[in-house]
Amino acid sequence: MLRSTGQSGKDERSCVTSVINNSIENKMKSLYFLMKGGTFLLVICSFLFACNSDPAALFVEAESFSDKGGWVVDQQFTDLMGSPYLMAHGMGIPVDDASTTVKFPRTGTYRLFVRTYNWTSPWLKDKGPGGFQVLIDNEPVGMTFGNEGSVWSWQEGGTVEIGSKQVQIRLRDMSGFNGRCDALYFTQDDAFVPPSEIEELTAFRYRQTGIVPENGGHYDLVVTGGGVGGICTAVSAARLGLKVAFIQNRPVWGGNNSSEVRVHLGGRIGLEPYPALGGIVKELSPVRGGNAQVAGRYEDEKERQVVDSEPAISQFLNFHAFKVEMDGNKIKSVTAKHVETGKELVFTAPLFVDCTGDGSIGALAGADFSMGRESKAEFGESTAPEVGDKMTMGSSVQWYSEENNFDSSFPVFKYGVKFDGENAQKVTKGEWTWETGMHLNQITDFERIRDYGLLVVFSNWSFLKNESGLKNQYANRALGWVAYVAGKRESRRLLGDFILKQQDIEEHILYPDATASVSWSIDLHYPDPENSRQFPGNEFLSVCEQPMVYPYPVPYRCLYSRNIANLFMTGRNMSVTHVALGTTRQMRTIGMFGEVIGMAASICRQHDVLPRGVYESHLEELKSLMKKGTGKEGTVDYPQYNLGEMLEEKKVIHGN
């Protein structure tokens, strides 16, 4: 996404636009009289000179580069810093150049600004490891970007000479340690500096790129979030005749179960009172489980095939939903932008589903939500703390190493976290227990949370490879995979007409609107006490408590918003307490809830009612659909719940 402009920051518009906006009527009158006097040629020459003398500029979004090379597009923090960006995620080995060809408005001398971030700055007030170069037609600009400063900002790169209007720009990684580039700005204005404050910066981007929202279409149902819950919602609704828009801000479906995050599918399907639920989950489930395994084990193609098989689903991969328009207490539209091109589409529908995990659509719409731990007094939960707080379960940056038949070196990596013989983790992989950010905000602090996950993986591995007494043991091992998309467990929980709590599950309180059953333990994570002792306030390991439960059917009223009339939700952002989230957040379980929402949405369309209306007037129809299921294979042939078997399963897969 790039555009040249005839003006810089003073006006951001072209010279022609400036002339037109400066009293068109008077200009036309003056031009008429000048033409009558034989001075038309002089006027045109003066006009062209004025245009050519205005400072030219060129704005380039890094994520729009035509050849990403070894750089990856990271969109996880778009709502925080205004844009996706390119990141050099090489696990200590410099990645291939990213490149693109651009067209400047004119040749000459330009000042260069690069928006970047020194990502280790929260832990070390010194130069960081994420340095990279900018090359213009293979000539490097004479400085390093991305290894200084403490916030996302425009780093000035001095002046560059542009000898041809069409040039190639390259980003050259210097370390393989997650250097990041958001955008580049070239200007001939001697004084202008691009804005950094988020609102001004967003307005600046729009002026530079000229992006105008387009009509994305009208649908029966808009589903935002492409994890297992979103897939099952979209497919269930489509199989019941609804026209569905399915929006996902990553290039693959599957969410935490995809090859990007690599978390196994937890929970069970085929449970009473509706054993037919879970057929769609079965269709998309990988054959093998396990966390932090090779990419192929997660079988991304299965999810893609399940979605592709439904012609009523319009797919919008790599689109990030960021704006909601309301009509009273109902969502009128959702706007999403493509994470690489910036193209914006506006989707309208009578019904919307929030499967984003963060409750992003609900929050934009003004839905009631909760975040953190409720106090014991609030719901009477025995597991809840005496005083409520903002603590959540954390996010995992999983990783593994691979054995080679040769010595494999790793750069010394010391950027604010010190490992030694006592506190180093002497392991060859890290899965769900490598968990960060429990005492931070999993939305507003999420980049820092993910970056700390990367920091401790690289720092610990550097110690094992270069300094520990175990160097020989690790000599032939190299990092095989480190996630840069963090696996998040908890953030916002949107509130419905019913909020599921610990007693409902443990006392097996049955409600008339019972739907799919949870089967996992009340699996809550806490900072590992020993890790807290060694890294006070900066823990990166967790422990969990897992009191077992008997399968419990969750009320339908947990699956729609109590104050946004046309909003459903499923996933970790459904209507539960922090304690109850421990059992509802497993992906097979979430998939069944999505299947139920697809059914409820079909009833809403058939009877022209909103989600609450299904509970109030059409519950028997929903029950009838749940008895049938929407899986292609009919009744799910999973065995019924067995407590002993469940305990054995937990020993094998070690939580989530």
# chains A, B, ... in the order shown; residues from 1 in each chain; ligands from 1
>>> residues_around(residues="segment 376-388 of chain A", least_positions_apart="5", cutoff="9 Å", atoms="only C-alpha atoms", output="VMD selection string")
chain A and resid 501 to 503 577 to 579
>>> residues_around(residues="Arg268 of chain A", least_positions_apart="5", cutoff="7 Å", atoms="only C-alpha atoms", output="ChimeraX atom specification")
/A:519,588-589
>>> closest_atom_pairs(of="segment 471-493 of chain A", to="segment 290-314 of chain A", cutoff="10 Å", atoms="only C-alpha atoms", output="Markdown table")
| residue | atom | partner | partner_atom | distance |
| --- | --- | --- | --- | --- |
| A:Gly480 | CA | A:Val294 | CA | 8.8 |
| A:Trp481 | CA | A:Val294 | CA | 8.2 |
| A:Val482 | CA | A:Ala292 | CA | 8.8 |
| A:Ala483 | CA | A:Ala292 | CA | 8.8 |
>>> write_last_selection(atoms="C-alpha atoms", output="mmCIF file, in the first residue's frame")
data_model
loop_
_atom_site.group_PDB
_atom_site.id
_atom_site.type_symbol
_atom_site.label_atom_id
_atom_site.label_comp_id
_atom_site.auth_asym_id
_atom_site.auth_seq_id
_atom_site.Cartn_x
_atom_site.Cartn_y
_atom_site.Cartn_z
ATOM 1 C CA GLY A 480 13.383 -25.827 15.107
ATOM 2 C CA TRP A 481 10.355 -23.646 15.763
ATOM 3 C CA VAL A 482 9.444 -20.736 18.003
ATOM 4 C CA ALA A 483 5.905 -19.371 17.805
#
>>> select_by_dssp(residues="segment 133-256 of chain A", states="alpha helix (DSSP H)", output="short mmCIF file (atom, residue, chain, number, x, y, z; two decimals) with N, CA, C and O atoms, in the first residue's frame")
data_model
loop_
_atom_site.label_atom_id
_atom_site.label_comp_id
_atom_site.auth_asym_id
_atom_site.auth_seq_id
_atom_site.Cartn_x
_atom_site.Cartn_y
_atom_site.Cartn_z
N ILE A 198 -1.44 7.87 18.21
CA ILE A 198 -2.16 6.89 17.43
C ILE A 198 -3.28 7.49 16.59
O ILE A 198 -3.46 7.13 15.42
N GLU A 199 -4.05 8.44 17.13
CA GLU A 199 -5.15 9.00 16.36
C GLU A 199 -4.64 9.84 15.20
O GLU A 199 -5.15 9.77 14.08
N GLU A 200 -3.63 10.67 15.46
CA GLU A 200 -3.05 11.47 14.39
C GLU A 200 -2.39 10.58 13.34
O GLU A 200 -2.48 10.84 12.14
N LEU A 201 -1.72 9.53 13.81
CA LEU A 201 -1.05 8.62 12.89
C LEU A 201 -2.07 7.90 12.01
O LEU A 201 -1.85 7.72 10.80
N THR A 202 -3.19 7.48 12.59
CA THR A 202 -4.23 6.82 11.80
C THR A 202 -4.77 7.74 10.72
O THR A 202 -4.94 7.34 9.56
N ALA A 203 -5.02 9.00 11.08
CA ALA A 203 -5.49 9.97 10.09
C ALA A 203 -4.44 10.20 9.01
O ALA A 203 -4.77 10.31 7.81
N PHE A 204 -3.18 10.24 9.41
CA PHE A 204 -2.08 10.41 8.46
C PHE A 204 -2.03 9.24 7.47
O PHE A 204 -1.87 9.43 6.26
N ARG A 205 -2.19 8.01 7.98
CA ARG A 205 -2.19 6.85 7.08
C ARG A 205 -3.29 6.96 6.04
O ARG A 205 -3.07 6.68 4.86
N TYR A 206 -4.49 7.33 6.49
CA TYR A 206 -5.60 7.43 5.55
C TYR A 206 -5.33 8.50 4.48
O TYR A 206 -5.64 8.31 3.30
N ARG A 207 -4.75 9.62 4.89
CA ARG A 207 -4.45 10.66 3.90
C ARG A 207 -3.41 10.18 2.90
O ARG A 207 -3.48 10.48 1.71
N GLN A 208 -2.44 9.41 3.40
CA GLN A 208 -1.37 8.95 2.52
C GLN A 208 -1.83 7.84 1.58
O GLN A 208 -1.43 7.79 0.42
N THR A 209 -2.64 6.92 2.09
CA THR A 209 -2.99 5.74 1.28
C THR A 209 -4.24 5.93 0.45
O THR A 209 -4.44 5.22 -0.54
N VAL A 228 -11.50 -22.64 15.97
CA VAL A 228 -12.40 -23.78 15.87
C VAL A 228 -13.84 -23.35 16.12
O VAL A 228 -14.77 -23.80 15.44
N GLY A 229 -14.07 -22.46 17.10
CA GLY A 229 -15.42 -21.98 17.35
C GLY A 229 -16.01 -21.25 16.17
O GLY A 229 -17.19 -21.44 15.82
N GLY A 230 -15.22 -20.39 15.54
CA GLY A 230 -15.70 -19.66 14.37
C GLY A 230 -16.00 -20.58 13.20
O GLY A 230 -17.02 -20.41 12.51
N ILE A 231 -15.13 -21.57 12.97
CA ILE A 231 -15.36 -22.51 11.87
C ILE A 231 -16.68 -23.25 12.07
O ILE A 231 -17.51 -23.34 11.15
N CYS A 232 -16.88 -23.78 13.27
CA CYS A 232 -18.09 -24.57 13.52
C CYS A 232 -19.34 -23.70 13.45
O CYS A 232 -20.39 -24.16 12.99
N THR A 233 -19.25 -22.44 13.88
CA THR A 233 -20.38 -21.53 13.77
C THR A 233 -20.74 -21.29 12.31
O THR A 233 -21.90 -21.42 11.90
N ALA A 234 -19.73 -20.92 11.51
CA ALA A 234 -19.97 -20.59 10.11
C ALA A 234 -20.50 -21.79 9.33
O ALA A 234 -21.44 -21.69 8.54
N VAL A 235 -19.89 -22.96 9.55
CA VAL A 235 -20.29 -24.16 8.82
C VAL A 235 -21.69 -24.61 9.23
O VAL A 235 -22.52 -24.96 8.38
N SER A 236 -21.97 -24.60 10.52
CA SER A 236 -23.30 -24.99 10.99
C SER A 236 -24.37 -24.10 10.40
O SER A 236 -25.41 -24.58 9.90
N ALA A 237 -24.14 -22.78 10.43
CA ALA A 237 -25.12 -21.85 9.87
C ALA A 237 -25.29 -22.05 8.37
O ALA A 237 -26.42 -22.04 7.85
N ALA A 238 -24.19 -22.25 7.67
CA ALA A 238 -24.26 -22.43 6.21
C ALA A 238 -25.03 -23.70 5.86
O ALA A 238 -25.83 -23.71 4.91
N ARG A 239 -24.82 -24.77 6.62
CA ARG A 239 -25.51 -26.02 6.34
C ARG A 239 -27.02 -25.93 6.63
O ARG A 239 -27.79 -26.76 6.15
#
>>> select_by_dssp(residues="segment 313-366 of chain A", states="strand (DSSP E or B)", output="JSON list (two decimals) with all heavy atoms, in the first residue's frame")
[["chain", "number", "residue", "atom", "x", "y", "z"],
["A", 313, "ILE", "N", -20.63, -19.95, 2.38],
["A", 313, "ILE", "CA", -19.68, -19.17, 3.18],
["A", 313, "ILE", "C", -18.79, -18.35, 2.25],
["A", 313, "ILE", "O", -18.12, -18.90, 1.38],
["A", 313, "ILE", "CB", -18.80, -20.08, 4.06],
["A", 313, "ILE", "CG1", -19.65, -20.86, 5.06],
["A", 313, "ILE", "CG2", -17.75, -19.25, 4.79],
["A", 313, "ILE", "CD1", -18.85, -21.83, 5.91],
["A", 314, "SER", "N", -18.79, -17.04, 2.44],
["A", 314, "SER", "CA", -17.83, -16.16, 1.75],
["A", 314, "SER", "C", -16.66, -15.94, 2.70],
["A", 314, "SER", "O", -16.84, -15.43, 3.81],
["A", 314, "SER", "CB", -18.49, -14.83, 1.40],
["A", 314, "SER", "OG", -19.54, -15.01, 0.48],
["A", 315, "GLN", "N", -15.47, -16.34, 2.27],
["A", 315, "GLN", "CA", -14.30, -16.34, 3.14],
["A", 315, "GLN", "C", -13.50, -15.05, 2.99],
["A", 315, "GLN", "O", -13.24, -14.60, 1.87],
["A", 315, "GLN", "CB", -13.41, -17.53, 2.83],
["A", 315, "GLN", "CG", -14.09, -18.88, 2.96],
["A", 315, "GLN", "CD", -13.16, -20.02, 2.60],
["A", 315, "GLN", "OE1", -11.99, -20.05, 2.99],
["A", 315, "GLN", "NE2", -13.68, -20.98, 1.84],
["A", 316, "PHE", "N", -13.06, -14.50, 4.13],
["A", 316, "PHE", "CA", -12.26, -13.28, 4.13],
["A", 316, "PHE", "C", -11.06, -13.49, 5.06],
["A", 316, "PHE", "O", -11.01, -12.96, 6.17],
["A", 316, "PHE", "CB", -13.10, -12.08, 4.55],
["A", 316, "PHE", "CG", -14.25, -11.79, 3.62],
["A", 316, "PHE", "CD1", -15.50, -12.36, 3.84],
["A", 316, "PHE", "CD2", -14.06, -11.02, 2.48],
["A", 316, "PHE", "CE1", -16.55, -12.13, 2.97],
["A", 316, "PHE", "CE2", -15.12, -10.78, 1.60],
["A", 316, "PHE", "CZ", -16.36, -11.34, 1.84],
["A", 317, "LEU", "N", -10.12, -14.32, 4.59],
["A", 317, "LEU", "CA", -8.88, -14.53, 5.32],
["A", 317, "LEU", "C", -8.02, -13.27, 5.22],
["A", 317, "LEU", "O", -8.07, -12.53, 4.24],
["A", 317, "LEU", "CB", -8.12, -15.72, 4.74],
["A", 317, "LEU", "CG", -8.64, -17.12, 5.10],
["A", 317, "LEU", "CD1", -8.01, -18.16, 4.21],
["A", 317, "LEU", "CD2", -8.39, -17.45, 6.57],
["A", 319, "PHE", "N", -8.29, -10.58, 6.88],
["A", 319, "PHE", "CA", -9.03, -9.33, 7.11],
["A", 319, "PHE", "C", -9.21, -9.14, 8.61],
["A", 319, "PHE", "O", -9.72, -10.03, 9.31],
["A", 319, "PHE", "CB", -10.39, -9.37, 6.41],
["A", 319, "PHE", "CG", -10.36, -8.89, 4.99],
["A", 319, "PHE", "CD1", -10.05, -9.77, 3.96],
["A", 319, "PHE", "CD2", -10.61, -7.56, 4.68],
["A", 319, "PHE", "CE1", -10.01, -9.33, 2.64],
["A", 319, "PHE", "CE2", -10.57, -7.12, 3.37],
["A", 319, "PHE", "CZ", -10.27, -7.99, 2.34],
["A", 320, "HIS", "N", -8.81, -7.97, 9.09],
["A", 320, "HIS", "CA", -8.89, -7.65, 10.52],
["A", 320, "HIS", "C", -10.08, -6.74, 10.78],
["A", 320, "HIS", "O", -10.14, -5.61, 10.26],
["A", 320, "HIS", "CB", -7.60, -6.97, 10.98],
["A", 320, "HIS", "CG", -7.63, -6.54, 12.41],
["A", 320, "HIS", "ND1", -7.62, -7.43, 13.46],
["A", 320, "HIS", "CD2", -7.72, -5.30, 12.99],
["A", 320, "HIS", "CE1", -7.66, -6.77, 14.60],
["A", 320, "HIS", "NE2", -7.74, -5.48, 14.34],
["A", 321, "ALA", "N", -11.05, -7.20, 11.56],
["A", 321, "ALA", "CA", -12.22, -6.39, 11.91],
["A", 321, "ALA", "C", -11.83, -5.37, 12.97],
["A", 321, "ALA", "O", -11.31, -5.73, 14.03],
["A", 321, "ALA", "CB", -13.35, -7.28, 12.40],
["A", 322, "PHE", "N", -12.10, -4.10, 12.70],
["A", 322, "PHE", "CA", -11.64, -3.05, 13.61],
["A", 322, "PHE", "C", -12.68, -1.97, 13.90],
["A", 322, "PHE", "O", -12.43, -1.07, 14.71],
["A", 322, "PHE", "CB", -10.39, -2.37, 13.02],
["A", 322, "PHE", "CG", -10.68, -1.51, 11.81],
["A", 322, "PHE", "CD1", -10.81, -0.14, 11.93],
["A", 322, "PHE", "CD2", -10.82, -2.08, 10.55],
["A", 322, "PHE", "CE1", -11.07, 0.65, 10.82],
["A", 322, "PHE", "CE2", -11.09, -1.31, 9.45],
["A", 322, "PHE", "CZ", -11.22, 0.07, 9.58],
["A", 323, "LYS", "N", -13.82, -2.04, 13.26],
["A", 323, "LYS", "CA", -14.81, -0.97, 13.44],
["A", 323, "LYS", "C", -16.21, -1.57, 13.42],
["A", 323, "LYS", "O", -16.51, -2.47, 12.65],
["A", 323, "LYS", "CB", -14.67, 0.07, 12.32],
["A", 323, "LYS", "CG", -15.61, 1.25, 12.42],
["A", 323, "LYS", "CD", -15.37, 2.22, 11.27],
["A", 323, "LYS", "CE", -16.32, 3.39, 11.31],
["A", 323, "LYS", "NZ", -16.11, 4.32, 10.16],
["A", 324, "VAL", "N", -17.08, -1.03, 14.27],
["A", 324, "VAL", "CA", -18.48, -1.45, 14.34],
["A", 324, "VAL", "C", -19.37, -0.21, 14.23],
["A", 324, "VAL", "O", -19.09, 0.80, 14.87],
["A", 324, "VAL", "CB", -18.76, -2.20, 15.66],
["A", 324, "VAL", "CG1", -20.25, -2.33, 15.90],
["A", 324, "VAL", "CG2", -18.11, -3.57, 15.65],
["A", 325, "GLU", "N", -20.40, -0.30, 13.44],
["A", 325, "GLU", "CA", -21.41, 0.76, 13.37],
["A", 325, "GLU", "C", -22.69, 0.23, 14.00],
["A", 325, "GLU", "O", -23.13, -0.89, 13.71],
["A", 325, "GLU", "CB", -21.67, 1.18, 11.92],
["A", 325, "GLU", "CG", -22.66, 2.35, 11.82],
["A", 325, "GLU", "CD", -22.91, 2.78, 10.38],
["A", 325, "GLU", "OE1", -22.25, 2.23, 9.47],
["A", 325, "GLU", "OE2", -23.78, 3.66, 10.18],
["A", 326, "MET", "N", -23.27, 1.04, 14.88],
["A", 326, "MET", "CA", -24.44, 0.61, 15.64],
["A", 326, "MET", "C", -25.72, 1.26, 15.14],
["A", 326, "MET", "O", -25.71, 2.34, 14.58],
["A", 326, "MET", "CB", -24.25, 0.95, 17.13],
["A", 326, "MET", "CG", -23.05, 0.30, 17.78],
["A", 326, "MET", "SD", -23.17, -1.51, 17.83],
["A", 326, "MET", "CE", -24.55, -1.72, 18.96],
["A", 327, "ASP", "N", -26.82, 0.57, 15.39],
["A", 327, "ASP", "CA", -28.17, 1.10, 15.18],
["A", 327, "ASP", "C", -28.93, 0.82, 16.48],
["A", 327, "ASP", "O", -29.48, -0.26, 16.67],
["A", 327, "ASP", "CB", -28.84, 0.43, 13.99],
["A", 327, "ASP", "CG", -30.24, 0.96, 13.72],
["A", 327, "ASP", "OD1", -30.64, 1.95, 14.37],
["A", 327, "ASP", "OD2", -30.94, 0.37, 12.87],
["A", 330, "LYS", "N", -28.24, -2.55, 18.47],
["A", 330, "LYS", "CA", -27.90, -3.61, 17.52],
["A", 330, "LYS", "C", -26.71, -3.19, 16.65],
["A", 330, "LYS", "O", -26.56, -2.01, 16.32],
["A", 330, "LYS", "CB", -29.10, -3.95, 16.63],
["A", 330, "LYS", "CG", -30.26, -4.58, 17.38],
["A", 330, "LYS", "CD", -31.32, -5.13, 16.43],
["A", 330, "LYS", "CE", -32.07, -4.01, 15.73],
["A", 330, "LYS", "NZ", -33.20, -4.54, 14.93],
["A", 331, "ILE", "N", -25.90, -4.17, 16.29],
["A", 331, "ILE", "CA", -24.81, -3.92, 15.35],
["A", 331, "ILE", "C", -25.40, -3.80, 13.95],
["A", 331, "ILE", "O", -26.16, -4.66, 13.51],
["A", 331, "ILE", "CB", -23.76, -5.05, 15.40],
["A", 331, "ILE", "CG1", -23.13, -5.13, 16.80],
["A", 331, "ILE", "CG2", -22.68, -4.83, 14.35],
["A", 331, "ILE", "CD1", -22.20, -6.31, 16.98],
["A", 332, "LYS", "N", -25.04, -2.73, 13.26],
["A", 332, "LYS", "CA", -25.49, -2.52, 11.89],
["A", 332, "LYS", "C", -24.47, -3.07, 10.89],
["A", 332, "LYS", "O", -24.83, -3.70, 9.89],
["A", 332, "LYS", "CB", -25.72, -1.03, 11.62],
["A", 332, "LYS", "CG", -26.19, -0.70, 10.22],
["A", 332, "LYS", "CD", -26.40, 0.81, 10.06],
["A", 332, "LYS", "CE", -26.85, 1.16, 8.64],
["A", 332, "LYS", "NZ", -27.03, 2.63, 8.49],
["A", 333, "SER", "N", -23.17, -2.83, 11.18],
["A", 333, "SER", "CA", -22.13, -3.30, 10.26],
["A", 333, "SER", "C", -20.82, -3.48, 11.00],
["A", 333, "SER", "O", -20.60, -2.90, 12.07],
["A", 333, "SER", "CB", -21.93, -2.31, 9.10],
["A", 333, "SER", "OG", -21.38, -1.09, 9.57],
["A", 334, "VAL", "N", -19.97, -4.30, 10.40],
["A", 334, "VAL", "CA", -18.58, -4.48, 10.85],
["A", 334, "VAL", "C", -17.67, -4.15, 9.69],
["A", 334, "VAL", "O", -17.91, -4.60, 8.56],
["A", 334, "VAL", "CB", -18.34, -5.93, 11.34],
["A", 334, "VAL", "CG1", -16.84, -6.21, 11.46],
["A", 334, "VAL", "CG2", -19.03, -6.18, 12.67],
["A", 335, "THR", "N", -16.63, -3.37, 9.95],
["A", 335, "THR", "CA", -15.66, -3.03, 8.92],
["A", 335, "THR", "C", -14.35, -3.77, 9.20],
["A", 335, "THR", "O", -13.88, -3.78, 10.35],
["A", 335, "THR", "CB", -15.39, -1.52, 8.88],
["A", 335, "THR", "OG1", -16.62, -0.83, 8.65],
["A", 335, "THR", "CG2", -14.41, -1.16, 7.76],
["A", 336, "ALA", "N", -13.79, -4.37, 8.17],
["A", 336, "ALA", "CA", -12.53, -5.11, 8.29],
["A", 336, "ALA", "C", -11.57, -4.66, 7.21],
["A", 336, "ALA", "O", -11.99, -4.33, 6.10],
["A", 336, "ALA", "CB", -12.78, -6.62, 8.20],
["A", 337, "LYS", "N", -10.28, -4.65, 7.54],
["A", 337, "LYS", "CA", -9.27, -4.24, 6.57],
["A", 337, "LYS", "C", -8.30, -5.40, 6.30],
["A", 337, "LYS", "O", -7.97, -6.17, 7.20],
["A", 337, "LYS", "CB", -8.50, -3.02, 7.04],
["A", 337, "LYS", "CG", -7.63, -3.23, 8.27],
["A", 337, "LYS", "CD", -6.76, -2.01, 8.55],
["A", 337, "LYS", "CE", -7.59, -0.80, 8.92],
["A", 337, "LYS", "NZ", -6.75, 0.38, 9.20],
["A", 338, "HIS", "N", -7.86, -5.49, 5.04],
["A", 338, "HIS", "CA", -6.89, -6.53, 4.69],
["A", 338, "HIS", "C", -5.56, -6.19, 5.32],
["A", 338, "HIS", "O", -5.08, -5.05, 5.25],
["A", 338, "HIS", "CB", -6.74, -6.61, 3.16],
["A", 338, "HIS", "CG", -6.06, -7.85, 2.70],
["A", 338, "HIS", "ND1", -4.68, -7.97, 2.69],
["A", 338, "HIS", "CD2", -6.54, -9.04, 2.25],
["A", 338, "HIS", "CE1", -4.34, -9.17, 2.23],
["A", 338, "HIS", "NE2", -5.45, -9.84, 1.97],
["A", 344, "GLU", "N", -10.43, -1.97, 2.75],
["A", 344, "GLU", "CA", -11.45, -2.05, 3.78],
["A", 344, "GLU", "C", -12.80, -2.45, 3.19],
["A", 344, "GLU", "O", -13.21, -1.94, 2.15],
["A", 344, "GLU", "CB", -11.59, -0.70, 4.50],
["A", 344, "GLU", "CG", -10.37, -0.33, 5.31],
["A", 344, "GLU", "CD", -10.56, 0.93, 6.12],
["A", 344, "GLU", "OE1", -11.69, 1.47, 6.16],
["A", 344, "GLU", "OE2", -9.57, 1.39, 6.73],
["A", 345, "LEU", "N", -13.47, -3.38, 3.87],
["A", 345, "LEU", "CA", -14.78, -3.86, 3.45],
["A", 345, "LEU", "C", -15.76, -3.70, 4.61],
["A", 345, "LEU", "O", -15.42, -3.97, 5.76],
["A", 345, "LEU", "CB", -14.71, -5.33, 3.03],
["A", 345, "LEU", "CG", -13.86, -5.66, 1.81],
["A", 345, "LEU", "CD1", -13.82, -7.17, 1.59],
["A", 345, "LEU", "CD2", -14.37, -4.95, 0.56],
["A", 346, "VAL", "N", -16.98, -3.28, 4.28],
["A", 346, "VAL", "CA", -18.04, -3.10, 5.26],
["A", 346, "VAL", "C", -19.06, -4.21, 5.09],
["A", 346, "VAL", "O", -19.64, -4.37, 4.00],
["A", 346, "VAL", "CB", -18.71, -1.72, 5.12],
["A", 346, "VAL", "CG1", -19.80, -1.55, 6.17],
["A", 346, "VAL", "CG2", -17.67, -0.60, 5.23],
["A", 347, "PHE", "N", -19.31, -4.97, 6.16],
["A", 347, "PHE", "CA", -20.21, -6.12, 6.13],
["A", 347, "PHE", "C", -21.47, -5.79, 6.93],
["A", 347, "PHE", "O", -21.38, -5.35, 8.08],
["A", 347, "PHE", "CB", -19.54, -7.35, 6.73],
["A", 347, "PHE", "CG", -18.26, -7.75, 6.05],
["A", 347, "PHE", "CD1", -17.05, -7.22, 6.45],
["A", 347, "PHE", "CD2", -18.28, -8.64, 4.99],
["A", 347, "PHE", "CE1", -15.86, -7.58, 5.83],
["A", 347, "PHE", "CE2", -17.10, -9.02, 4.35],
["A", 347, "PHE", "CZ", -15.89, -8.48, 4.76],
["A", 348, "THR", "N", -22.63, -6.02, 6.32],
["A", 348, "THR", "CA", -23.89, -5.80, 7.02],
["A", 348, "THR", "C", -24.64, -7.13, 7.16],
["A", 348, "THR", "O", -24.50, -8.03, 6.33],
["A", 348, "THR", "CB", -24.78, -4.79, 6.28],
["A", 348, "THR", "OG1", -25.03, -5.26, 4.95],
["A", 348, "THR", "CG2", -24.12, -3.42, 6.21],
["A", 352, "PHE", "N", -24.66, -11.10, 14.16],
["A", 352, "PHE", "CA", -23.20, -11.13, 14.18],
["A", 352, "PHE", "C", -22.74, -12.10, 15.28],
["A", 352, "PHE", "O", -23.44, -12.29, 16.28],
["A", 352, "PHE", "CB", -22.63, -9.74, 14.46],
["A", 352, "PHE", "CG", -22.91, -8.75, 13.36],
["A", 352, "PHE", "CD1", -24.13, -8.09, 13.30],
["A", 352, "PHE", "CD2", -21.97, -8.50, 12.37],
["A", 352, "PHE", "CE1", -24.40, -7.18, 12.28],
["A", 352, "PHE", "CE2", -22.23, -7.60, 11.36],
["A", 352, "PHE", "CZ", -23.46, -6.94, 11.30],
["A", 353, "VAL", "N", -21.56, -12.69, 15.07],
["A", 353, "VAL", "CA", -20.98, -13.60, 16.05],
["A", 353, "VAL", "C", -19.55, -13.17, 16.35],
["A", 353, "VAL", "O", -18.75, -12.98, 15.43],
["A", 353, "VAL", "CB", -20.98, -15.07, 15.57],
["A", 353, "VAL", "CG1", -20.62, -16.00, 16.73],
["A", 353, "VAL", "CG2", -22.30, -15.46, 14.96],
["A", 354, "ASP", "N", -19.22, -13.04, 17.62],
["A", 354, "ASP", "CA", -17.88, -12.68, 18.05],
["A", 354, "ASP", "C", -17.15, -13.95, 18.49],
["A", 354, "ASP", "O", -17.42, -14.50, 19.56],
["A", 354, "ASP", "CB", -17.94, -11.68, 19.21],
["A", 354, "ASP", "CG", -16.58, -11.08, 19.55],
["A", 354, "ASP", "OD1", -15.56, -11.76, 19.34],
["A", 354, "ASP", "OD2", -16.54, -9.94, 20.04]]
>>> residues_around(residues="Met438 of chain A", least_positions_apart="5", cutoff="8 Å", atoms="only C-alpha atoms", output="compact mmCIF listing (two decimals) with N, CA, C and O atoms, in the first residue's frame")
# COMPACT_ATOMS: atom_id res chain seq x y z
N MET A 391 -5.93 -10.20 37.38
CA MET A 391 -5.11 -11.31 36.92
C MET A 391 -5.90 -12.21 35.96
O MET A 391 -7.08 -12.49 36.16
N THR A 392 -5.25 -12.65 34.91
CA THR A 392 -5.82 -13.60 33.96
C THR A 392 -4.85 -14.76 33.78
O THR A 392 -3.69 -14.70 34.20
N MET A 393 -5.32 -15.79 33.12
CA MET A 393 -4.37 -16.79 32.62
C MET A 393 -3.55 -16.14 31.51
O MET A 393 -3.99 -15.17 30.88
N GLY A 394 -2.37 -16.67 31.26
CA GLY A 394 -1.43 -16.01 30.36
C GLY A 394 -1.45 -16.52 28.94
O GLY A 394 -2.33 -17.27 28.52
N SER A 395 -0.44 -16.09 28.20
CA SER A 395 -0.27 -16.48 26.79
C SER A 395 1.02 -17.27 26.65
O SER A 395 2.01 -16.98 27.32
N TYR A 526 -1.69 -20.52 37.11
CA TYR A 526 -1.11 -19.55 38.02
C TYR A 526 0.40 -19.50 37.78
O TYR A 526 0.99 -20.46 37.28
N PRO A 527 1.06 -18.39 38.16
CA PRO A 527 2.52 -18.36 38.04
C PRO A 527 3.16 -19.48 38.86
O PRO A 527 2.74 -19.74 40.00
